[in-house]
$ cat run.tsv   # TSV, C-alpha atoms and all ligand atoms
chain	number	residue	atom	x	y	z
A	1	MET	CA	9.18	6.40	-15.45
A	2	GLY	CA	5.42	6.40	-15.96
A	3	ALA	CA	2.75	7.35	-13.47
A	4	CYS	CA	2.08	3.82	-12.23
A	5	ARG	CA	4.11	2.40	-9.37
A	6	ILE	CA	4.61	-1.21	-8.27
A	7	ASN	CA	5.35	-1.80	-4.59
A	8	PRO	CA	5.94	-5.51	-3.85
A	9	SER	CA	4.75	-6.73	-0.46
A	10	ILE	CA	7.37	-8.59	1.54
A	11	LEU	CA	4.53	-10.44	3.26
A	12	SER	CA	5.06	-13.04	0.50
A	13	ALA	CA	8.86	-13.04	0.90
A	14	ASP	CA	10.99	-15.53	2.80
A	15	PHE	CA	11.30	-13.79	6.19
A	16	VAL	CA	14.42	-15.79	7.08
A	17	ASN	CA	16.24	-14.36	4.04
A	18	LEU	CA	14.87	-10.84	3.96
A	19	GLU	CA	18.01	-9.12	2.68
A	20	ARG	CA	18.20	-11.45	-0.32
A	21	GLU	CA	14.45	-11.08	-0.88
A	22	LEU	CA	14.82	-7.28	-0.95
A	23	GLU	CA	17.56	-7.60	-3.59
A	24	ARG	CA	15.16	-9.60	-5.79
A	25	ILE	CA	12.80	-6.62	-6.06
A	26	GLY	CA	15.32	-3.97	-7.05
A	27	ALA	CA	13.12	-3.06	-10.06
A	28	ALA	CA	10.29	-1.94	-7.75
A	29	ASP	CA	9.29	1.63	-6.94
A	30	ALA	CA	9.15	0.96	-3.19
A	31	VAL	CA	9.06	-1.94	-0.77
A	32	HIS	CA	5.68	-2.46	0.91
A	33	VAL	CA	6.04	-3.54	4.54
A	34	ASP	CA	2.99	-5.00	6.27
A	35	VAL	CA	3.00	-4.46	10.03
A	36	MET	CA	0.33	-6.62	11.73
A	37	ASP	CA	-0.41	-6.81	15.44
A	38	ASN	CA	-2.67	-9.88	15.73
A	39	HIS	CA	-5.49	-7.59	16.98
A	40	PHE	CA	-6.53	-5.36	14.10
A	41	VAL	CA	-5.97	-8.38	11.86
A	42	PRO	CA	-5.62	-12.05	12.85
A	43	ASN	CA	-1.95	-12.24	11.90
A	44	LEU	CA	1.36	-11.11	13.36
A	45	THR	CA	4.33	-9.99	11.29
A	46	LEU	CA	7.02	-7.53	12.31
A	47	GLY	CA	7.52	-4.21	14.08
A	48	GLN	CA	9.89	-1.30	14.48
A	49	PRO	CA	13.24	-3.16	14.89
A	50	VAL	CA	12.76	-5.11	11.66
A	51	VAL	CA	11.45	-2.08	9.77
A	52	LYS	CA	14.53	-0.18	10.94
A	53	ARG	CA	16.85	-2.88	9.51
A	54	ILE	CA	14.91	-3.00	6.22
A	55	GLN	CA	15.33	0.77	5.99
A	56	GLU	CA	19.08	0.36	6.55
A	57	VAL	CA	19.70	-2.42	4.01
A	58	SER	CA	17.22	-1.63	1.23
A	59	GLY	CA	17.93	1.01	-1.39
A	60	LEU	CA	14.20	1.35	-2.03
A	61	PRO	CA	11.83	3.77	-0.31
A	62	LEU	CA	9.76	2.10	2.43
A	63	ASP	CA	5.98	2.04	2.09
A	64	VAL	CA	4.80	0.97	5.55
A	65	HIS	CA	1.23	-0.33	5.94
A	66	LEU	CA	0.14	-0.51	9.56
A	67	MET	CA	-2.57	-3.10	10.22
A	68	ILE	CA	-2.55	-2.33	13.92
A	69	GLU	CA	-4.90	-0.99	16.55
A	70	ASP	CA	-4.25	2.34	18.25
A	71	ALA	CA	-2.62	3.80	15.15
A	72	ASP	CA	-2.54	7.29	16.71
A	73	ARG	CA	-0.06	5.99	19.25
A	74	TRP	CA	2.25	3.89	17.11
A	75	ALA	CA	2.30	5.31	13.57
A	76	PRO	CA	4.55	8.38	14.17
A	77	ALA	CA	7.45	6.13	15.22
A	78	TYR	CA	7.54	4.64	11.71
A	79	ALA	CA	7.91	8.13	10.22
A	80	GLU	CA	10.80	8.73	12.61
A	81	LEU	CA	12.46	5.51	11.36
A	82	GLY	CA	12.64	7.13	7.93
A	83	ALA	CA	9.80	5.39	6.07
A	84	ALA	CA	8.89	7.24	2.86
A	85	SER	CA	5.20	6.70	3.54
A	86	VAL	CA	3.27	5.49	6.57
A	87	THR	CA	-0.27	4.25	6.08
A	88	PHE	CA	-2.65	3.75	8.99
A	89	HIS	CA	-6.16	2.31	8.86
A	90	ALA	CA	-9.07	4.73	9.14
A	91	GLU	CA	-10.84	2.09	11.26
A	92	ALA	CA	-7.97	2.10	13.77
A	93	ALA	CA	-7.37	5.86	14.13
A	94	ALA	CA	-9.21	8.02	16.65
A	95	ALA	CA	-8.07	11.29	15.05
A	96	PRO	CA	-7.07	10.61	11.42
A	97	VAL	CA	-6.55	14.27	10.45
A	98	ARG	CA	-4.27	14.92	13.41
A	99	LEU	CA	-2.38	11.71	12.74
A	100	ALA	CA	-1.90	12.50	9.04
A	101	ARG	CA	-0.50	15.92	9.99
A	102	GLU	CA	1.81	14.32	12.53
A	103	LEU	CA	3.16	11.89	9.92
A	104	ARG	CA	3.83	14.69	7.46
A	105	ALA	CA	5.51	16.72	10.19
A	106	GLY	CA	7.65	13.65	10.90
A	107	GLY	CA	8.88	13.68	7.30
A	108	ALA	CA	6.79	10.83	5.86
A	109	GLN	CA	4.02	10.83	3.31
A	110	ALA	CA	0.72	10.29	5.09
A	111	GLY	CA	-1.39	7.35	3.96
A	112	MET	CA	-4.78	6.16	5.10
A	113	ALA	CA	-6.22	2.72	4.34
A	114	LEU	CA	-9.81	1.52	4.07
A	115	ARG	CA	-10.98	-2.07	4.53
A	116	PRO	CA	-13.12	-3.40	1.67
A	117	ALA	CA	-16.39	-2.69	3.55
A	118	THR	CA	-15.40	0.84	4.66
A	119	SER	CA	-16.90	3.60	2.53
A	120	VAL	CA	-14.73	6.45	1.29
A	121	GLU	CA	-17.59	8.97	1.60
A	122	PRO	CA	-17.00	10.00	5.26
A	123	TYR	CA	-13.36	10.73	4.43
A	124	LEU	CA	-13.73	12.78	1.23
A	125	ASP	CA	-13.30	16.08	3.08
A	126	MET	CA	-9.94	15.04	4.51
A	127	LEU	CA	-8.31	13.75	1.30
A	128	GLY	CA	-6.25	16.95	1.11
A	129	GLU	CA	-4.51	15.88	4.32
A	130	LEU	CA	-3.23	12.70	2.68
A	131	ASP	CA	-0.54	11.76	0.17
A	132	LEU	CA	-1.87	8.24	-0.28
A	133	LEU	CA	-5.28	6.58	-0.02
A	134	LEU	CA	-4.97	2.79	0.20
A	135	ILE	CA	-8.09	0.95	-0.87
A	136	MET	CA	-7.78	-2.64	0.33
A	137	THR	CA	-8.87	-5.02	-2.42
A	138	VAL	CA	-8.89	-8.02	-0.04
A	139	GLU	CA	-9.66	-8.27	3.67
A	140	PRO	CA	-6.38	-7.29	5.33
A	141	GLY	CA	-4.38	-9.94	7.15
A	142	PHE	CA	-3.08	-12.44	4.63
A	143	GLY	CA	-1.46	-12.64	1.22
A	144	GLY	CA	-2.68	-14.92	-1.55
A	145	GLN	CA	-6.36	-13.91	-1.51
A	146	SER	CA	-8.51	-13.12	-4.55
A	147	PHE	CA	-9.09	-9.54	-5.67
A	148	LEU	CA	-12.51	-8.22	-4.61
A	149	ASP	CA	-14.26	-6.60	-7.57
A	150	LEU	CA	-16.75	-5.03	-5.14
A	151	THR	CA	-14.03	-2.46	-4.32
A	152	LEU	CA	-13.94	-1.07	-7.89
A	153	PRO	CA	-16.76	1.50	-7.40
A	154	LYS	CA	-14.90	2.85	-4.35
A	155	ILE	CA	-11.68	3.21	-6.36
A	156	ARG	CA	-13.66	5.08	-9.05
A	157	ARG	CA	-15.32	7.34	-6.45
A	158	ALA	CA	-11.99	8.19	-4.85
A	159	ALA	CA	-10.34	8.84	-8.25
A	160	GLU	CA	-13.21	11.15	-9.17
A	161	ALA	CA	-12.75	13.12	-5.93
A	162	VAL	CA	-8.99	13.35	-6.53
A	163	ARG	CA	-9.52	14.63	-10.08
A	164	GLY	CA	-12.34	16.98	-9.04
A	165	GLY	CA	-10.29	18.53	-6.26
A	166	SER	CA	-7.01	18.46	-8.26
A	167	LEU	CA	-5.47	16.72	-5.25
A	168	PRO	CA	-1.89	15.43	-5.34
A	169	LEU	CA	-3.06	12.17	-3.78
A	170	ALA	CA	-2.13	8.71	-5.07
A	171	ILE	CA	-4.66	5.90	-4.94
A	172	GLN	CA	-3.06	2.64	-3.90
A	173	VAL	CA	-4.62	-0.82	-4.06
A	174	ASP	CA	-3.45	-3.88	-2.14
A	175	GLY	CA	-4.53	-7.49	-2.38
A	176	GLY	CA	-4.95	-10.01	-5.18
A	177	ILE	CA	-3.08	-7.86	-7.73
A	178	THR	CA	-2.08	-9.88	-10.79
A	179	GLU	CA	-1.45	-9.03	-14.44
A	180	GLU	CA	-5.18	-9.54	-14.94
A	181	THR	CA	-6.72	-7.72	-11.94
A	182	ILE	CA	-4.31	-4.78	-12.21
A	183	LEU	CA	-6.06	-3.82	-15.45
A	184	ARG	CA	-9.39	-3.30	-13.65
A	185	ALA	CA	-7.83	-1.47	-10.71
A	186	ALA	CA	-5.85	0.85	-13.01
A	187	GLU	CA	-8.84	1.45	-15.25
A	188	ALA	CA	-10.81	2.45	-12.13
A	189	GLY	CA	-8.14	5.01	-11.20
A	190	ALA	CA	-5.52	3.37	-8.97
A	191	THR	CA	-1.90	4.29	-9.72
A	192	VAL	CA	0.07	2.51	-6.98
A	193	PHE	CA	-0.14	-1.27	-6.81
A	194	VAL	CA	0.91	-3.57	-3.99
A	195	ALA	CA	1.59	-7.11	-5.12
A	196	GLY	CA	2.84	-9.95	-2.95
A	197	SER	CA	2.21	-13.41	-4.37
A	198	SER	CA	2.32	-12.39	-8.02
A	199	VAL	CA	5.82	-10.90	-7.56
A	200	TYR	CA	7.44	-13.29	-5.08
A	201	GLY	CA	5.68	-16.31	-6.60
A	202	ALA	CA	7.22	-15.53	-10.00
A	203	GLU	CA	10.42	-17.18	-11.17
A	204	ASP	CA	11.85	-13.75	-11.91
A	205	PRO	CA	10.35	-11.10	-9.59
A	206	GLY	CA	12.02	-8.30	-11.61
A	207	GLN	CA	10.25	-9.37	-14.78
A	208	ALA	CA	6.95	-9.78	-12.89
A	209	ILE	CA	7.28	-6.18	-11.66
A	210	ASP	CA	7.97	-4.92	-15.20
A	211	ARG	CA	4.97	-6.82	-16.60
A	212	LEU	CA	2.65	-5.48	-13.88
A	213	ARG	CA	3.86	-1.92	-14.51
A	214	LEU	CA	3.37	-2.23	-18.28
A	215	ALA	CA	-0.16	-3.61	-17.81
A	216	ALA	CA	-1.08	-0.82	-15.38
A	217	GLU	CA	0.34	1.89	-17.66
A	218	ALA	CA	-1.63	0.51	-20.62
A	219	ALA	CA	-4.89	0.37	-18.66
A	220	SER	CA	-4.33	3.88	-17.21
A	221	ALA	CA	-3.65	5.29	-20.66
A	222	GLY	CA	-6.95	3.89	-21.93
A	223	ARG	CA	-8.94	5.41	-19.05
B	1	LIG	O1	-1.75	-6.18	3.04
B	1	LIG	C1	-1.72	-7.32	2.67
B	1	LIG	C2	-2.58	-8.33	3.34
B	1	LIG	O2	-3.26	-7.70	4.34
B	1	LIG	C3	-0.77	-7.74	1.58
B	1	LIG	O3	0.04	-6.65	1.22
B	1	LIG	C4	-1.49	-8.22	0.36
B	1	LIG	O4	-2.40	-9.19	0.64
B	1	LIG	C5	-0.52	-8.61	-0.72
B	1	LIG	O5	-0.51	-9.96	-0.98
B	1	LIG	P1	-1.13	-10.60	-2.30
B	1	LIG	O6	-0.60	-9.81	-3.46
B	1	LIG	O7	-0.62	-11.99	-2.25
B	1	LIG	O8	-2.63	-10.50	-2.20

$ encode --input "run.tsv" --output "structure tokens"
Amino acid sequence: MGACRINPSILSADFVNLERELERIGAADAVHVDVMDNHFVPNLTLGQPVVKRIQEVSGLPLDVHLMIEDADRWAPAYAELGAASVTFHAEAAAAPVRLARELRAGGAQAGMALRPATSVEPYLDMLGELDLLLIMTVEPGFGGQSFLDLTLPKIRRAAEAVRGGSLPLAIQVDGGITEETILRAAEAGATVFVAGSSVYGAEDPGQAIDRLRLAAEAASAGR
């Protein structure tokens, strides 16, 4: 397996047939689960009981993305459910360093997400506390939006900091990832890619995952 990972977002799946939808993405590296509370973002999805069932039926690691307020209070419970990684939003955490440490202590990889308009600069000193930095490439809340090229300099800046500090931190991007936009995100330094519509909208999600991974690997190699 190469260095690039493809994590399909079940936000674009058929929620009434989740078990079948999880089987369709068996070729993925992890399943990306979007938890939305209708406050941090104007959309409502699912919470702990559904995440628990996904964890029980899916053979893939769970990559949980919390788009919720009061992350300090709720995020640790997702680590306890057995998620491989739990990502909270910097904009929704009162004490991001403490929270990241709590997630790691709970057995999960600690991820922190930034909205498109949130700068990475104030967080550079705490990158060592994280396993994953998620740079949102659309405004969080909905699938099917177009990739925001304005996020590319932030991906480059974060990748530079990761390289400079020799940090074991993965840069994840989420939103509008297609076979075309993944090239720019990978070239900028992202290595983990969340894709909803381009995977679940494909006739064969397994093949879509393979094509995305190949494109990302090629763009990363040329970096
Ligand atoms: O976090 C998200 C939205 O907030 C989704 O994961 C993301 O939008 C994926 O969907 P698509 O690939 O269709 O853009």

$ closest_residue --input "run.tsv" --among "A:Gln207, A:Ser166, A:Thr137, A:Ser85" --to "Val194 (chain A)" --atoms "only C-alpha atoms"
A:Thr137

$ residues_near_ligand --input "run.tsv" --ligand "ligand LIG 1 (chain B)" --cutoff "7 Å" --atoms "all atoms listed in the file" --output "PyMOL selection string"
chain A and resi 9+11-12+34+138-146+174-177+194-198

$ write_last_selection --input "run.tsv" --atoms "C-alpha atoms" --output "compact mmCIF listing (two decimals), in the frame of the given file"
# COMPACT_ATOMS: atom_id res chain seq x y z
CA SER A 9 4.75 -6.73 -0.46
CA LEU A 11 4.53 -10.44 3.26
CA SER A 12 5.06 -13.04 0.50
CA ASP A 34 2.99 -5.00 6.27
CA VAL A 138 -8.89 -8.02 -0.04
CA GLU A 139 -9.66 -8.27 3.67
CA PRO A 140 -6.38 -7.29 5.33
CA GLY A 141 -4.38 -9.94 7.15
CA PHE A 142 -3.08 -12.44 4.63
CA GLY A 143 -1.46 -12.64 1.22
CA GLY A 144 -2.68 -14.92 -1.55
CA GLN A 145 -6.36 -13.91 -1.51
CA SER A 146 -8.51 -13.12 -4.55
CA ASP A 174 -3.45 -3.88 -2.14
CA GLY A 175 -4.53 -7.49 -2.38
CA GLY A 176 -4.95 -10.01 -5.18
CA ILE A 177 -3.08 -7.86 -7.73
CA VAL A 194 0.91 -3.57 -3.99
CA ALA A 195 1.59 -7.11 -5.12
CA GLY A 196 2.84 -9.95 -2.95
CA SER A 197 2.21 -13.41 -4.37
CA SER A 198 2.32 -12.39 -8.02

$ atom_distance --input "run.tsv" --atom1 "CA of Ala92 (chain A)" --atom2 "CA of His39 (chain A)"
10.5 Å

$ residues_around --input "run.tsv" --residues "region 107-117 of chain A" --least-positions-apart "6" --cutoff "9 Å" --atoms "only C-alpha atoms" --output "ChimeraX atom specification"
/A:65-66,76,78-80,82-91,96,99-101,129-140,148,150-151,154,172

$ atom_distance --input "run.tsv" --atom1 "CA of Ala77 (chain A)" --atom2 "CA of Asp14 (chain A)"
25.2 Å

$ atom_distance --input "run.tsv" --atom1 "CA of Leu22 (chain A)" --atom2 "CA of Asp63 (chain A)"
13.2 Å

$ residues_around --input "run.tsv" --residues "Phe15 (chain A)" --least-positions-apart "2" --cutoff "12 Å" --atoms "all atoms listed in the file" --output "PyMOL selection string"
chain A and resi 9-13+17-22+33+45-46+50+54+200

$ residues_around --input "run.tsv" --residues "Val120 (chain A)" --least-positions-apart "3" --cutoff "7 Å" --atoms "only C-alpha atoms" --output "list in words"
Tyr123, Leu124, Lys154 and Ala158 of chain A

$ axis_aligned_box --input "run.tsv" --around "region 39-52 of chain A" --padding-each-side "5 Å" --output "lines of an AutoDock Vina configuration file"
center_x = 4.0
center_y = -6.2
center_z = 13.4
size_x = 31.1
size_y = 22.1
size_z = 17.2

$ closest_residue --input "run.tsv" --among "A:Ile6, A:Val16, A:Val51, A:Ala28" --to "Ala216 (chain A)" --atoms "all atoms listed in the file"
A:Ile6

$ residues_around --input "run.tsv" --residues "Ala221 (chain A)" --least-positions-apart "6" --cutoff "10 Å" --atoms "only C-alpha atoms" --output "ChimeraX atom specification"
/A:3,186-187,215

$ residues_near_point --input "run.tsv" --point "(-6.4, 10.3, 23.0)" --cutoff "10 Å" --atoms "only C-alpha atoms" --output "list in words"
Asp70, Asp72, Arg73, Ala93, Ala94 and Ala95 of chain A

$ closest_residue --input "run.tsv" --among "A:Met67, A:Arg104, A:Ser220, A:Leu62" --to "Asn43 (chain A)" --atoms "all atoms listed in the file"
A:Met67

$ closest_residue --input "run.tsv" --among "A:Gly128, A:Gly222, A:Pro61, A:Gly106" --to "Arg184 (chain A)" --atoms "all atoms listed in the file"
A:Gly222

$ residues_around --input "run.tsv" --residues "Asp204 (chain A)" --least-positions-apart "6" --cutoff "12 Å" --atoms "only C-alpha atoms" --output "PyMOL selection string"
chain A and resi 21+23-27+198+210-211

$ closest_residue --input "run.tsv" --among "A:Cys4, A:Pro122, A:Val31, A:Leu167" --to "Gly189 (chain A)" --atoms "only C-alpha atoms"
A:Cys4

$ closest_residue --input "run.tsv" --among "A:Asp149, A:Gly206, A:Leu127, A:Gly47" --to "Gly164 (chain A)" --atoms "all atoms listed in the file"
A:Leu127
